[in-house]
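What follows is a short report on a single structure.
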Amino acid sequence: MEEFSVLTKSKWDLVNITQQVRNIVKKAKAKNGICNVFVRHTTCAILINENDDPKIMEDIQDLLKKLVPEKVWKHNCIDENGAAHIKTALLGVSHSIPVKDKKLMLGRWQGIMLADFDGPRQRKIIVTVAGE
Ligand code: ZN
């Protein structure tokens, strides 16, 4: 298991973390198995999607903004980030990717991304590689 940090730059930020995860998988003891990527926060999500055309992520952001508008949530009286918590609940905080010969078996266009809905902040990600 390894942990690394990412510094997000704005309220909504998307950071491609595929290379960091690949480096951890390369150093792991297990050669074949499964790699879990988990973000340790309540207002972030892990996405696996196309990382070539940034417009896809803009489309996802546009949809999330429509689905989860700001400023109408009960939690907002505590820290004003109710919408961010709900987006995280919808998208999830972890994904698992198969590993073969110390390589992530991602498809050609797939990348692993950290989505921050309540940045800018330092965000911690745990990568666990299990297998043999
Ligand atoms: Zn909150």
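A note on labels: chains of the structure tokens are A, B, ... as shown, every chain counts residues from 1, and ligands are counted from 1 in their shown order.
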
Could you report the residues within 7 Å of ligand 1, using only C-alpha atoms and all ligand atoms, as a short mmCIF file (atom, residue, chain, number, x, y, z; two decimals) with C-alpha atoms, in the first residue's frame?
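result_23.cif written:
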```cif
data_model
loop_
_atom_site.label_atom_id
_atom_site.label_comp_id
_atom_site.auth_asym_id
_atom_site.auth_seq_id
_atom_site.Cartn_x
_atom_site.Cartn_y
_atom_site.Cartn_z
CA HIS A 75 -25.33 20.28 5.18
CA ILE A 78 -22.07 23.51 8.46
CA ASP A 79 -19.47 24.13 5.75
CA GLU A 80 -21.21 25.18 2.53
CA ASN A 81 -20.10 22.16 0.52
CA GLY A 82 -23.23 20.00 0.48
CA HIS A 85 -20.50 15.68 -0.82
#
```

(request) Return as number ranges by chain the full set of residues in chain A whose backbone-based DSSP assignment is strand (DSSP E or B). (result) A: 2-7, 13-16, 33-39, 44-50, 94-100, 103-104, 110-116, 122-131

(request) List the neighbours of region 97-101 of chain A out to 12 Å using only C-alpha atoms; skip same-chain residues closer than 6 positions along the sequence, and give me the result as a VMD selection string. (result) chain A and resid 18 21 to 22 24 to 38 46 to 48 107 110 to 112 127 to 132

Could you take the residues named above and write them with N, CA and C atoms, as a PDB file, in the first residue's frame?
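Listing of out-v2.pdb after writing:
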```pdb
ATOM      1  N   THR A  18      -2.852   8.890 -13.515  1.00  0.00           N
ATOM      2  CA  THR A  18      -2.521   7.576 -14.090  1.00  0.00           C
ATOM      3  C   THR A  18      -1.035   7.238 -13.913  1.00  0.00           C
ATOM      4  N   VAL A  21      -0.042   6.229 -10.382  1.00  0.00           N
ATOM      5  CA  VAL A  21      -0.536   4.876 -10.066  1.00  0.00           C
ATOM      6  C   VAL A  21       0.331   3.836 -10.779  1.00  0.00           C
ATOM      7  N   ARG A  22       0.666   4.094 -12.038  1.00  0.00           N
ATOM      8  CA  ARG A  22       1.536   3.159 -12.794  1.00  0.00           C
ATOM      9  C   ARG A  22       2.871   2.946 -12.079  1.00  0.00           C
ATOM     10  N   ILE A  24       3.564   3.173  -8.903  1.00  0.00           N
ATOM     11  CA  ILE A  24       3.371   2.365  -7.696  1.00  0.00           C
ATOM     12  C   ILE A  24       3.181   0.896  -8.072  1.00  0.00           C
ATOM     13  N   VAL A  25       2.428   0.642  -9.123  1.00  0.00           N
ATOM     14  CA  VAL A  25       2.184  -0.738  -9.585  1.00  0.00           C
ATOM     15  C   VAL A  25       3.511  -1.389 -10.001  1.00  0.00           C
ATOM     16  N   LYS A  26       4.376  -0.615 -10.645  1.00  0.00           N
ATOM     17  CA  LYS A  26       5.681  -1.135 -11.083  1.00  0.00           C
ATOM     18  C   LYS A  26       6.541  -1.581  -9.900  1.00  0.00           C
ATOM     19  N   LYS A  27       6.453  -0.831  -8.779  1.00  0.00           N
ATOM     20  CA  LYS A  27       7.292  -1.119  -7.597  1.00  0.00           C
ATOM     21  C   LYS A  27       6.683  -2.173  -6.675  1.00  0.00           C
ATOM     22  N   ALA A  28       5.407  -2.504  -6.886  1.00  0.00           N
ATOM     23  CA  ALA A  28       4.711  -3.412  -5.963  1.00  0.00           C
ATOM     24  C   ALA A  28       5.268  -4.833  -6.069  1.00  0.00           C
ATOM     25  N   LYS A  29       5.090  -5.602  -4.977  1.00  0.00           N
ATOM     26  CA  LYS A  29       5.570  -6.997  -4.968  1.00  0.00           C
ATOM     27  C   LYS A  29       4.755  -7.862  -5.925  1.00  0.00           C
ATOM     28  N   ALA A  30       3.437  -7.660  -5.913  1.00  0.00           N
ATOM     29  CA  ALA A  30       2.559  -8.499  -6.743  1.00  0.00           C
ATOM     30  C   ALA A  30       2.748  -8.168  -8.216  1.00  0.00           C
ATOM     31  N   LYS A  31       2.859  -9.228  -9.028  1.00  0.00           N
ATOM     32  CA  LYS A  31       3.051  -9.051 -10.466  1.00  0.00           C
ATOM     33  C   LYS A  31       1.697  -9.045 -11.192  1.00  0.00           C
ATOM     34  N   ASN A  32       0.800  -9.893 -10.702  1.00  0.00           N
ATOM     35  CA  ASN A  32      -0.539 -10.011 -11.296  1.00  0.00           C
ATOM     36  C   ASN A  32      -1.593  -9.918 -10.191  1.00  0.00           C
ATOM     37  N   GLY A  33      -2.649  -9.208 -10.475  1.00  0.00           N
ATOM     38  CA  GLY A  33      -3.697  -9.094  -9.460  1.00  0.00           C
ATOM     39  C   GLY A  33      -4.592  -7.911  -9.735  1.00  0.00           C
ATOM     40  N   ILE A  34      -4.800  -7.135  -8.665  1.00  0.00           N
ATOM     41  CA  ILE A  34      -5.735  -6.019  -8.779  1.00  0.00           C
ATOM     42  C   ILE A  34      -5.148  -4.792  -8.074  1.00  0.00           C
ATOM     43  N   CYS A  35      -5.377  -3.641  -8.646  1.00  0.00           N
ATOM     44  CA  CYS A  35      -4.895  -2.375  -8.067  1.00  0.00           C
ATOM     45  C   CYS A  35      -6.109  -1.549  -7.692  1.00  0.00           C
ATOM     46  N   ASN A  36      -6.175  -1.183  -6.428  1.00  0.00           N
ATOM     47  CA  ASN A  36      -7.272  -0.332  -5.963  1.00  0.00           C
ATOM     48  C   ASN A  36      -6.752   1.083  -5.742  1.00  0.00           C
ATOM     49  N   VAL A  37      -7.487   2.057  -6.274  1.00  0.00           N
ATOM     50  CA  VAL A  37      -7.148   3.477  -6.107  1.00  0.00           C
ATOM     51  C   VAL A  37      -8.269   4.106  -5.295  1.00  0.00           C
ATOM     52  N   PHE A  38      -7.894   4.697  -4.153  1.00  0.00           N
ATOM     53  CA  PHE A  38      -8.892   5.172  -3.183  1.00  0.00           C
ATOM     54  C   PHE A  38      -8.533   6.583  -2.733  1.00  0.00           C
ATOM     55  N   ILE A  46     -12.861   9.319  -7.587  1.00  0.00           N
ATOM     56  CA  ILE A  46     -11.926   8.741  -8.556  1.00  0.00           C
ATOM     57  C   ILE A  46     -12.737   8.361  -9.796  1.00  0.00           C
ATOM     58  N   LEU A  47     -12.273   8.835 -10.941  1.00  0.00           N
ATOM     59  CA  LEU A  47     -12.950   8.530 -12.211  1.00  0.00           C
ATOM     60  C   LEU A  47     -11.993   7.776 -13.124  1.00  0.00           C
ATOM     61  N   ILE A  48     -12.537   6.853 -13.887  1.00  0.00           N
ATOM     62  CA  ILE A  48     -11.773   6.268 -14.985  1.00  0.00           C
ATOM     63  C   ILE A  48     -12.554   6.580 -16.250  1.00  0.00           C
ATOM     64  N   GLY A 107      -7.676   0.374 -20.804  1.00  0.00           N
ATOM     65  CA  GLY A 107      -7.870   0.459 -22.243  1.00  0.00           C
ATOM     66  C   GLY A 107      -7.086   1.633 -22.814  1.00  0.00           C
ATOM     67  N   GLN A 110      -8.293   4.994 -21.679  1.00  0.00           N
ATOM     68  CA  GLN A 110      -8.679   5.167 -20.277  1.00  0.00           C
ATOM     69  C   GLN A 110      -7.562   5.783 -19.443  1.00  0.00           C
ATOM     70  N   GLY A 111      -7.950   6.736 -18.604  1.00  0.00           N
ATOM     71  CA  GLY A 111      -7.029   7.319 -17.635  1.00  0.00           C
ATOM     72  C   GLY A 111      -7.714   7.345 -16.278  1.00  0.00           C
ATOM     73  N   ILE A 112      -6.880   7.423 -15.226  1.00  0.00           N
ATOM     74  CA  ILE A 112      -7.412   7.494 -13.859  1.00  0.00           C
ATOM     75  C   ILE A 112      -7.335   8.951 -13.421  1.00  0.00           C
ATOM     76  N   VAL A 127      -3.016   3.760  -2.923  1.00  0.00           N
ATOM     77  CA  VAL A 127      -2.999   2.753  -3.975  1.00  0.00           C
ATOM     78  C   VAL A 127      -2.586   1.425  -3.332  1.00  0.00           C
ATOM     79  N   THR A 128      -3.418   0.409  -3.485  1.00  0.00           N
ATOM     80  CA  THR A 128      -3.141  -0.920  -2.944  1.00  0.00           C
ATOM     81  C   THR A 128      -3.078  -1.913  -4.099  1.00  0.00           C
ATOM     82  N   VAL A 129      -1.973  -2.650  -4.173  1.00  0.00           N
ATOM     83  CA  VAL A 129      -1.860  -3.689  -5.194  1.00  0.00           C
ATOM     84  C   VAL A 129      -1.897  -5.039  -4.493  1.00  0.00           C
ATOM     85  N   ALA A 130      -2.871  -5.853  -4.851  1.00  0.00           N
ATOM     86  CA  ALA A 130      -3.020  -7.170  -4.218  1.00  0.00           C
ATOM     87  C   ALA A 130      -2.947  -8.252  -5.304  1.00  0.00           C
ATOM     88  N   GLY A 131      -2.244  -9.318  -5.002  1.00  0.00           N
ATOM     89  CA  GLY A 131      -2.126 -10.396  -5.975  1.00  0.00           C
ATOM     90  C   GLY A 131      -0.886 -11.219  -5.692  1.00  0.00           C
ATOM     91  N   GLU A 132      -0.353 -11.850  -6.729  1.00  0.00           N
ATOM     92  CA  GLU A 132       0.845 -12.684  -6.514  1.00  0.00           C
ATOM     93  C   GLU A 132       1.876 -12.467  -7.605  1.00  0.00           C
TER      94      GLU A 132
END
```

(request) Go through A:Ala45, A:Val39, A:Leu90, A:Met105 one by one, measure the shortest atom-to-atom distance of each to Phe4 (chain A) using only C-alpha atoms, and give the residue with the smallest value. (result)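 Among A:Ala45, A:Val39, A:Leu90, A:Met105, it is A:Val39 that comes nearest to Phe4 (chain A).
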
(request) Report the residues of region 10-101 of chain A whose backbone DSSP state falls under alpha helix (DSSP H), written as a ChimeraX atom specification. (result) /A:18-27,54-67,76-79,82-91

(request) Identify, on the basis of only C-alpha atoms, every residue whose closest approach to Met113 (chain A) does not exceed 12 Å; exclude the query and any residue fewer than 4 positions from it along the same chain; express the result as a ChimeraX atom specification. (result) /A:6,8,13-21,37-39,44-52,54,57,91,93-95,125

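CA of Cys77 (chain A) is positioned 28.5 Å from CA of Glu58 (chain A).
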
(message) Measuring between only C-alpha atoms, which one of A:Arg121, A:Lys103, A:His41, A:Lys66 shows the shortest distance to Leu7 (chain A)?
(response)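 The answer is A:Arg121, which sits nearest to Leu7 (chain A).
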
(message) Quick one: residues within 10 Å of Thr43 (chain A), only C-alpha atoms, excluding same-chain residues fewer than 5 positions away - as a PyMOL selection string?
(response) chain A and resi 81-89+92-93+115-119+123

Please produce an output containing all heavy atoms for each residue in the selection, written as a short mmCIF file (atom, residue, chain, number, x, y, z; two decimals), in the first residue's frame.
```
data_model
loop_
_atom_site.label_atom_id
_atom_site.label_comp_id
_atom_site.auth_asym_id
_atom_site.auth_seq_id
_atom_site.Cartn_x
_atom_site.Cartn_y
_atom_site.Cartn_z
N ASN A 81 -20.55 23.00 1.64
CA ASN A 81 -20.10 22.16 0.52
C ASN A 81 -21.00 20.94 0.33
O ASN A 81 -20.53 19.89 -0.11
CB ASN A 81 -18.62 21.78 0.68
CG ASN A 81 -18.39 20.91 1.91
OD1 ASN A 81 -19.32 20.62 2.65
ND2 ASN A 81 -17.15 20.52 2.11
N GLY A 82 -22.28 21.10 0.63
CA GLY A 82 -23.23 20.00 0.48
C GLY A 82 -23.24 19.40 -0.92
O GLY A 82 -23.28 18.18 -1.08
N ALA A 83 -23.17 20.25 -1.95
CA ALA A 83 -23.20 19.75 -3.33
C ALA A 83 -21.99 18.86 -3.60
O ALA A 83 -22.10 17.83 -4.26
CB ALA A 83 -23.23 20.93 -4.31
N ALA A 84 -20.83 19.26 -3.07
CA ALA A 84 -19.60 18.47 -3.30
C ALA A 84 -19.73 17.08 -2.68
O ALA A 84 -19.33 16.08 -3.28
CB ALA A 84 -18.39 19.21 -2.71
N HIS A 85 -20.30 17.00 -1.46
CA HIS A 85 -20.50 15.68 -0.82
C HIS A 85 -21.39 14.79 -1.68
O HIS A 85 -21.15 13.59 -1.80
CB HIS A 85 -21.15 15.85 0.55
CG HIS A 85 -20.23 16.38 1.61
ND1 HIS A 85 -19.26 15.62 2.21
CD2 HIS A 85 -20.16 17.61 2.19
CE1 HIS A 85 -18.63 16.35 3.12
NE2 HIS A 85 -19.16 17.56 3.12
N ILE A 86 -22.45 15.37 -2.24
CA ILE A 86 -23.39 14.57 -3.03
C ILE A 86 -22.74 14.08 -4.32
O ILE A 86 -22.91 12.92 -4.72
CB ILE A 86 -24.68 15.37 -3.28
CG1 ILE A 86 -25.41 15.55 -1.95
CG2 ILE A 86 -25.58 14.66 -4.29
CD1 ILE A 86 -26.50 16.58 -1.96
N LYS A 87 -21.95 14.94 -4.97
CA LYS A 87 -21.24 14.51 -6.20
C LYS A 87 -20.31 13.35 -5.89
O LYS A 87 -20.22 12.38 -6.65
CB LYS A 87 -20.45 15.68 -6.79
CG LYS A 87 -21.33 16.74 -7.41
CD LYS A 87 -20.52 17.97 -7.79
CE LYS A 87 -21.45 19.12 -8.16
NZ LYS A 87 -20.71 20.39 -8.30
N THR A 88 -19.63 13.42 -4.75
CA THR A 88 -18.74 12.32 -4.34
C THR A 88 -19.54 11.04 -4.12
O THR A 88 -19.14 9.96 -4.56
CB THR A 88 -17.99 12.71 -3.05
OG1 THR A 88 -17.14 13.80 -3.37
CG2 THR A 88 -17.17 11.55 -2.51
N ALA A 89 -20.70 11.19 -3.46
CA ALA A 89 -21.53 10.00 -3.19
C ALA A 89 -22.00 9.36 -4.50
O ALA A 89 -22.11 8.14 -4.61
CB ALA A 89 -22.72 10.39 -2.32
N GLY A 92 -18.34 7.99 -6.34
CA GLY A 92 -17.55 6.99 -5.61
C GLY A 92 -16.11 7.40 -5.38
O GLY A 92 -15.56 8.21 -6.12
N VAL A 93 -15.51 6.83 -4.34
CA VAL A 93 -14.17 7.24 -3.92
C VAL A 93 -13.09 6.23 -4.31
O VAL A 93 -11.91 6.43 -3.97
CB VAL A 93 -14.11 7.48 -2.40
CG1 VAL A 93 -14.92 8.71 -2.01
CG2 VAL A 93 -14.56 6.26 -1.62
N ALA A 115 -11.10 13.70 -9.16
CA ALA A 115 -11.99 14.85 -9.31
C ALA A 115 -12.16 15.48 -7.94
O ALA A 115 -12.53 14.80 -6.98
CB ALA A 115 -13.34 14.41 -9.86
N ASP A 116 -11.85 16.77 -7.85
CA ASP A 116 -12.07 17.50 -6.59
C ASP A 116 -13.26 18.43 -6.80
O ASP A 116 -13.29 19.20 -7.76
CB ASP A 116 -10.81 18.31 -6.23
CG ASP A 116 -10.86 18.80 -4.80
OD1 ASP A 116 -11.96 18.83 -4.21
OD2 ASP A 116 -9.79 19.15 -4.27
N PHE A 117 -14.24 18.33 -5.91
CA PHE A 117 -15.44 19.18 -6.02
C PHE A 117 -15.42 20.31 -5.00
O PHE A 117 -16.34 21.12 -4.95
CB PHE A 117 -16.70 18.34 -5.82
CG PHE A 117 -16.78 17.16 -6.75
CD1 PHE A 117 -16.78 15.86 -6.25
CD2 PHE A 117 -16.82 17.34 -8.12
CE1 PHE A 117 -16.84 14.77 -7.12
CE2 PHE A 117 -16.87 16.26 -8.99
CZ PHE A 117 -16.88 14.97 -8.48
N ASP A 118 -14.38 20.34 -4.15
CA ASP A 118 -14.33 21.37 -3.11
C ASP A 118 -12.89 21.80 -2.85
O ASP A 118 -12.43 21.92 -1.72
CB ASP A 118 -14.98 20.83 -1.82
CG ASP A 118 -15.29 21.93 -0.82
OD1 ASP A 118 -15.60 23.06 -1.26
OD2 ASP A 118 -15.23 21.66 0.39
N GLY A 119 -12.18 22.04 -3.94
CA GLY A 119 -10.79 22.48 -3.83
C GLY A 119 -10.73 24.00 -3.70
O GLY A 119 -11.77 24.63 -3.56
N ARG A 123 -4.95 16.67 -1.50
CA ARG A 123 -5.77 15.47 -1.46
C ARG A 123 -4.90 14.22 -1.40
O ARG A 123 -3.90 14.13 -2.12
CB ARG A 123 -6.66 15.41 -2.70
CG ARG A 123 -7.61 16.59 -2.83
CD ARG A 123 -8.49 16.76 -1.62
NE ARG A 123 -9.71 17.52 -1.90
CZ ARG A 123 -10.72 17.63 -1.06
NH1 ARG A 123 -10.65 17.08 0.14
NH2 ARG A 123 -11.79 18.32 -1.38
#
```
